[in-house]
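Structure first, then comments.
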Amino acid sequence: MRNSIVIAVGFLALAGLTACSDDGAPAAGPGAPTGAAKGPVAVAASDTECKVAATELAAGTSTFAITNGGSKVTEFYVYGAGDRVMGEVENIVPGLTREVIVELPAGVYETACKPGMTGKGIRGPLKVTGEHKPLSGDAKLAEATAGYKRYIKSQSQTLLAKTREFVDAVKAGDIAKAKALYPVSRTYWERIEPVAEIFGDLDPAIDARENDVAEGEKWTGFHKIEKDLWVTKDIGEDGPIADKLMADIKTIVEKSNTAELSPVLLANGAKGLLDEVASGKITGEEDRYSHTDLWDFDANLQGSKAAVQALRPVLEERAPDLVKTLDEKFAATEAELGAHRDGDGWKLHTELSKADLKKLSDSINALSEPISKIAAIVVK
Amino acid sequence: MSERISRRKLFGLGAAGVAAAGAGTVALRVAGEEAGSASPTSVHVAALSDAVPFYGEHQAGIVTPAQDRLHFVAFDVITDKRAELVELLQEWTAAAARMTQGKDAGTFGAVGGVLEAPPDDTGEALGLPASGLTLTVGFGGSLFDDRFGLAAKKPAALADLPRFPGDALLPEISGGDICVQACANDPQVAVHAIRNLARIGFGRVSVRWSQLGFGRTSSTSRAQATPRNLMGFKDGTNNLKLEDKALLEDQLWAAAADGPAWMAGGSYLVTRKIRMTVETWDRAPLAEQQEIFGRDKGEGAPLGGKGEFDPIDFTLKDSAGEPLIKADAHIRLAHHSHNGGARLLRRGYNYVDGSDGLGRLDAGLFFMAYQRDPHRQFVPIQLSLARTDLLNEYIKHVSSGLFACPGGVHDAGDHWGRALFA
């Protein structure tokens, strides 16, 4: 909070006077959790306010006693990240006090009163500190990473095969065939890129755009060959680059299949793939010579979905509303993208109007916001 | 704790130059001594940095003394679910109530949440005071189509503006379902507010266009000096002002009997982005510039008068017997005496959107005017201006918007659009 700190007037302090505010100290200073004592935390609810007696609690079980001093029937909620309901009590009629017991591990939460029992409620922050009580669901998290590893494995096997075909076509000097295979091999690459990105310098060697490379450094990988296929139309010198691409892909596939993955990595990977779409594909910067950006778009979207699906059992348990939102937004984005299918593949980026691209951008923004909430949920 | 003094307020206090210039300073009350004094007991500053109350009968940001900076945004609603739109308006209201009081957009803020989650505030306003931020919402005519069942609630006053002679409107920077006007005395604070509202809206609304403005071009209070537009002239001398209570009731605020009840206490906002070809204007002789406006450039006095606020005498003649203030001079055509008494509360801002690639500034006026009924106020005034205003040689209207800005949010249990969606 920007204005939560009371700062003494500068020259007052210079004059050596004690800095103090005129209306007393803050209700609950940091480091002094209140409400840890076993009495209930009083909540004074009205039609316009939701005064919770403590904004910091000790981890564990807390009781909230909500008194409705307003004129409308109200509800009280404690929300975790992504509006996961940690505890709630409904139908508190005016004049009544009701209690709710909530079990809260360390973290930040929101309290909310809902006068009239509608809307988002009048919210306030709640910080819970102290010993972290492990939650159930570790087995589900382990299964999530295991499931995603299987996905990486299957995708990377196909990536090897498709890159081999592409590289062979390039080395054979078959421009038409190489052009046809270029977006196909990239599909498998783009699906697993968040894992590939763990391995520092291999990702740029495989996927750098021309302007990513510093002066004096050698430009290698998919996009160098892309430029030669579509712009210079001469792949006569690209044999060594094709060989290096194949070798780099092999290395990264080996590393990916042995990498230690975590639920947070899955969550951030799902988000990272959509960030790629927003920054590279919608703008047409990724495949600026071939304009096959929508192939990559689709692959990023599928890769993101695979990571989210792996986490689904955990999310369903911890944030069912978020799962519903994610399902909706994935479907909407797929429908928006699906309008630009062309046979087995996709229209070229240059065939889309600015209005088409804005719609795609809007749907990616709509999907990315809920996806950005996943990490904090799976880490608990 | 109403009188928290932030670091920024101290700068405001020390920066006498800023206060003396009167730029946006409404009242500067210093109940203490000079810096360094041994015993100042209290320092109260109502200045550039202070918060403007969010709740009230009318929305803030209309008669609020015009702040120095603007970030205006128009959204298209992209969800087709009424409930999602209402929920967004609730979330926006909560965020607006917080940000206008100098707080973060969300309850945890830019740095108060868990490390694994993106912060619920974007953070660029950390350490900055409220800076007079106001956030004012308006609903465009396009919102009242068949998507959300609002057609029956569309006010007659929100009917499309007619096409005016000379209009060169670009649809992509015109209109919109919902607008939010952010005014503040710090551009970073205004941009922060719009950015966070846009972020909260992802999936439900999409930014259609937005406009930055620097330098207010109107005073909305007699405590403010009249600023200048990019043509160098004082602008808004005869503006409706906060102190004109009776006129405001008559000309600014929609009454319950005017139309749908949800607009009671609200006002209608017309926006026009007016590109100025400042390069050709700057080559015009001073006499011609003054003739075009009908005012003297230095003082802002009407031609024939001495002081800025001298009454305008449209009957004065020059030595050749011609009207001193020309028949097509800007102040004559725009004056309420020539428009059936119609007046506006103007709240425009200068803008420069970089340059236009032809070696010229892409500059002008982002005109904003609030009124009780645009079809009886802005429309007749603009029709007369668009036909014959001498200024037209140097300006071009490139964007247009008309929004119904409802009455104020009463308290934390209320929200933007509650009466409209009731």
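Following the order of the structure tokens, first chain is A, next is B, and so on, with residues numbered from 1 inside each chain and ligands from 1 in the order they appear.
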Name the residues of range 202-252 of chain B that fall into alpha helix (DSSP H) according to DSSP on the backbone, using the chain letters and numbers of this document, as a count of residues only.
7
For Pro65 in chain B, please output as a compact mmCIF listing (two decimals) with N, CA and C atoms, in the first residue's frame all residues within 12 Å (counting only C-alpha atoms; exclusion window: fewer than 6 positions along the same chain).
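This went into result-v4.txt:
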```txt
# COMPACT_ATOMS: atom_id res chain seq x y z
N GLY B 22 0.50 27.93 -9.44
CA GLY B 22 -0.93 27.66 -9.33
C GLY B 22 -1.37 26.51 -10.21
N ALA B 23 -0.45 25.76 -10.71
CA ALA B 23 -0.82 24.69 -11.63
C ALA B 23 -1.53 23.59 -10.87
N GLY B 24 -2.83 23.64 -10.90
CA GLY B 24 -3.60 22.58 -10.28
C GLY B 24 -3.71 22.74 -8.77
N THR B 25 -3.06 23.73 -8.21
CA THR B 25 -3.14 23.91 -6.78
C THR B 25 -4.46 24.57 -6.42
N VAL B 26 -5.24 23.90 -5.66
CA VAL B 26 -6.54 24.42 -5.33
C VAL B 26 -6.42 25.37 -4.16
N ALA B 27 -5.82 24.88 -3.13
CA ALA B 27 -5.67 25.69 -1.94
C ALA B 27 -4.39 25.22 -1.27
N ALA B 47 -2.82 20.04 -1.70
CA ALA B 47 -2.00 20.45 -2.83
C ALA B 47 -2.03 19.40 -3.92
N LEU B 48 -1.10 19.55 -4.83
CA LEU B 48 -1.01 18.67 -5.99
C LEU B 48 -1.05 17.19 -5.61
N VAL B 52 -8.32 13.09 -3.72
CA VAL B 52 -9.66 13.65 -3.94
C VAL B 52 -10.65 12.57 -3.52
N GLY B 132 -3.98 13.76 -6.54
CA GLY B 132 -5.25 14.29 -7.04
C GLY B 132 -5.94 13.40 -8.04
N LEU B 133 -5.55 12.14 -8.08
CA LEU B 133 -6.13 11.22 -9.09
C LEU B 133 -7.66 11.15 -8.97
N THR B 134 -8.32 11.34 -10.09
CA THR B 134 -9.75 11.04 -10.18
C THR B 134 -9.95 10.05 -11.32
N CYS B 183 -7.50 11.59 -14.36
CA CYS B 183 -6.81 12.87 -14.27
C CYS B 183 -5.99 12.88 -12.99
N ALA B 184 -4.79 13.40 -13.08
CA ALA B 184 -3.93 13.45 -11.89
C ALA B 184 -2.90 14.54 -12.10
N ASN B 185 -2.23 14.88 -11.04
CA ASN B 185 -1.17 15.88 -11.17
C ASN B 185 0.18 15.26 -11.44
N ARG B 216 -3.51 20.87 -18.71
CA ARG B 216 -4.94 21.12 -18.83
C ARG B 216 -5.14 22.38 -19.66
N THR B 217 -6.23 22.44 -20.40
CA THR B 217 -6.50 23.63 -21.21
C THR B 217 -7.74 24.34 -20.71
N SER B 218 -8.24 23.95 -19.54
CA SER B 218 -9.40 24.65 -18.99
C SER B 218 -9.25 24.73 -17.49
N SER B 219 -9.84 25.77 -16.92
CA SER B 219 -9.99 25.84 -15.47
C SER B 219 -11.40 25.43 -15.17
N THR B 220 -11.56 24.66 -14.10
CA THR B 220 -12.91 24.32 -13.69
C THR B 220 -13.18 24.91 -12.32
N SER B 221 -12.33 25.84 -11.91
CA SER B 221 -12.52 26.51 -10.62
C SER B 221 -11.93 27.91 -10.72
N ARG B 222 -12.54 28.86 -10.00
CA ARG B 222 -12.02 30.22 -10.03
C ARG B 222 -10.70 30.34 -9.29
N ALA B 223 -10.36 29.30 -8.50
CA ALA B 223 -9.08 29.32 -7.80
C ALA B 223 -7.92 29.01 -8.76
N GLN B 224 -8.26 28.55 -9.96
CA GLN B 224 -7.21 28.18 -10.91
C GLN B 224 -6.99 29.28 -11.93
N ALA B 225 -5.73 29.46 -12.30
CA ALA B 225 -5.42 30.38 -13.39
C ALA B 225 -5.84 29.73 -14.71
N THR B 226 -6.19 30.56 -15.69
CA THR B 226 -6.59 30.00 -16.98
C THR B 226 -5.34 29.56 -17.74
N ASN B 239 -15.40 29.24 -19.05
CA ASN B 239 -15.86 27.88 -18.75
C ASN B 239 -16.83 27.88 -17.58
N LEU B 240 -17.71 26.86 -17.56
CA LEU B 240 -18.50 26.62 -16.35
C LEU B 240 -17.53 26.25 -15.24
N LYS B 241 -17.79 26.73 -14.04
CA LYS B 241 -16.85 26.45 -12.97
C LYS B 241 -17.56 25.94 -11.73
N LEU B 242 -16.79 25.21 -10.97
CA LEU B 242 -17.21 24.61 -9.72
C LEU B 242 -18.08 25.52 -8.86
N GLU B 243 -17.75 26.81 -8.88
CA GLU B 243 -18.44 27.76 -7.99
C GLU B 243 -19.81 28.18 -8.54
N LEU B 345 -18.99 22.48 -19.61
CA LEU B 345 -17.87 22.44 -18.69
C LEU B 345 -16.73 21.74 -19.43
N ARG B 346 -15.81 22.56 -19.91
CA ARG B 346 -14.71 22.00 -20.69
C ARG B 346 -13.60 21.53 -19.76
N ARG B 347 -12.94 20.45 -20.18
CA ARG B 347 -11.94 19.84 -19.32
C ARG B 347 -10.83 19.23 -20.20
```
Could you please write out, as a count of residues only, every residue of range 36-208 of chain B that DSSP assigns to strand (DSSP E or B)?
27
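Of the listed residues (A:Pro194, A:Gly216, A:Gly60, A:Pro370), A:Pro370 comes nearest to chain B; the distances count only C-alpha atoms.
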For Ala310 in chain A, please output as a PyMOL selection string all residues within 12 Å (counting only C-alpha atoms; exclusion window: fewer than 6 positions along the same chain).
chain A and resi 140-152+262-267+269-270+303-304+316+378
Using CA of Ala81 in chain A and CA of Ala130 in chain B as the two end points, give the distance in Å to one decimal.
27.1 Å
For range 261-380 of chain B versus range 163-175 of chain B, which residues have an atom no more than 12 Å away, and what is each residue's nearest atom pair and distance in Å rounded to one decimal, using only C-alpha atoms, chain-then-number order, as a tab-separated table?
```
residue	atom	partner	partner_atom	distance
B:Leu269	CA	B:Gly175	CA	11.5
B:Val270	CA	B:Gly175	CA	10.0
B:Thr271	CA	B:Ser174	CA	8.8
B:Arg272	CA	B:Ser174	CA	8.6
B:Lys273	CA	B:Leu169	CA	8.9
B:Ile274	CA	B:Ala168	CA	9.8
B:Arg275	CA	B:Ala168	CA	10.1
B:Phe366	CA	B:Ile173	CA	12.0
B:Phe378	CA	B:Phe164	CA	11.3
B:Val379	CA	B:Phe164	CA	8.7
B:Pro380	CA	B:Phe164	CA	10.2
```
Written selection (C-alpha atoms) as a tab-separated table (two decimals), in the first residue's frame:
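Below you can see result.tsv, which holds the result:
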```tsv
chain	number	residue	atom	x	y	z
B	269	LEU	CA	-19.10	13.75	-21.84
B	270	VAL	CA	-18.14	14.67	-25.39
B	271	THR	CA	-14.54	13.97	-26.41
B	272	ARG	CA	-13.01	15.31	-29.60
B	273	LYS	CA	-9.40	14.88	-30.54
B	274	ILE	CA	-8.56	18.06	-32.41
B	275	ARG	CA	-5.32	17.94	-34.36
B	366	PHE	CA	-7.94	16.53	-26.62
B	378	PHE	CA	-22.33	20.64	-27.70
B	379	VAL	CA	-24.13	19.93	-30.96
B	380	PRO	CA	-25.45	23.43	-31.73
```
Sorted by chain and rising residue number, which residues of range 129-213 of chain B lie within 10 Å of range 71-75 of chain B, and what are their closest atom pairs and distances in Å to one decimal, counting only C-alpha atoms, as a Markdown table?
```
| residue | atom | partner | partner_atom | distance |
| --- | --- | --- | --- | --- |
| B:Leu135 | CA | B:Phe72 | CA | 9.5 |
| B:Thr136 | CA | B:Phe72 | CA | 9.6 |
| B:Val137 | CA | B:Ala74 | CA | 9.8 |
| B:Gly138 | CA | B:Ala74 | CA | 9.2 |
| B:Phe139 | CA | B:Ala74 | CA | 9.5 |
| B:Gly140 | CA | B:Ala74 | CA | 9.0 |
| B:Ile173 | CA | B:Ala74 | CA | 8.5 |
| B:Ser174 | CA | B:Ala74 | CA | 8.3 |
| B:Gly175 | CA | B:Ala74 | CA | 7.2 |
| B:Gly176 | CA | B:Ala74 | CA | 5.2 |
| B:Asp177 | CA | B:Phe75 | CA | 5.8 |
| B:Ile178 | CA | B:Phe75 | CA | 5.2 |
| B:Cys179 | CA | B:Ala74 | CA | 4.3 |
| B:Val180 | CA | B:Val73 | CA | 5.4 |
| B:Gln181 | CA | B:Phe72 | CA | 4.6 |
| B:Ala182 | CA | B:His71 | CA | 5.2 |
| B:Cys183 | CA | B:His71 | CA | 6.5 |
| B:Ala184 | CA | B:His71 | CA | 8.6 |
| B:Pro187 | CA | B:His71 | CA | 7.8 |
| B:Gln188 | CA | B:His71 | CA | 9.5 |
| B:Val189 | CA | B:His71 | CA | 9.4 |
| B:Ala190 | CA | B:His71 | CA | 5.7 |
| B:Val191 | CA | B:His71 | CA | 5.9 |
| B:His192 | CA | B:His71 | CA | 9.3 |
| B:Ala193 | CA | B:His71 | CA | 8.6 |
| B:Ile194 | CA | B:His71 | CA | 7.0 |
| B:Arg195 | CA | B:Val73 | CA | 9.6 |
| B:Leu197 | CA | B:Val73 | CA | 9.8 |
| B:Ala198 | CA | B:Phe75 | CA | 8.5 |
| B:Gly201 | CA | B:Phe75 | CA | 9.2 |
| B:Arg204 | CA | B:Phe75 | CA | 9.7 |
| B:Val205 | CA | B:Phe75 | CA | 6.0 |
| B:Ser206 | CA | B:Phe75 | CA | 5.4 |
| B:Val207 | CA | B:Phe75 | CA | 4.5 |
| B:Arg208 | CA | B:Phe75 | CA | 5.0 |
| B:Trp209 | CA | B:Ala74 | CA | 5.5 |
| B:Ser210 | CA | B:Val73 | CA | 4.1 |
| B:Gln211 | CA | B:Phe72 | CA | 5.1 |
| B:Leu212 | CA | B:His71 | CA | 4.5 |
| B:Gly213 | CA | B:His71 | CA | 6.3 |
```
Atom-to-atom span, CA of Glu217 in chain A and CA of Asp201 in chain A, Å
12.9 Å
Give me, as number ranges by chain, all polymer residues having an atom no more than 8 Å from Gln90 in chain B, counting only C-alpha atoms and skipping those fewer than 2 positions away in the same chain.
A: 119-120; B: 86-88, 92-94, 415-416
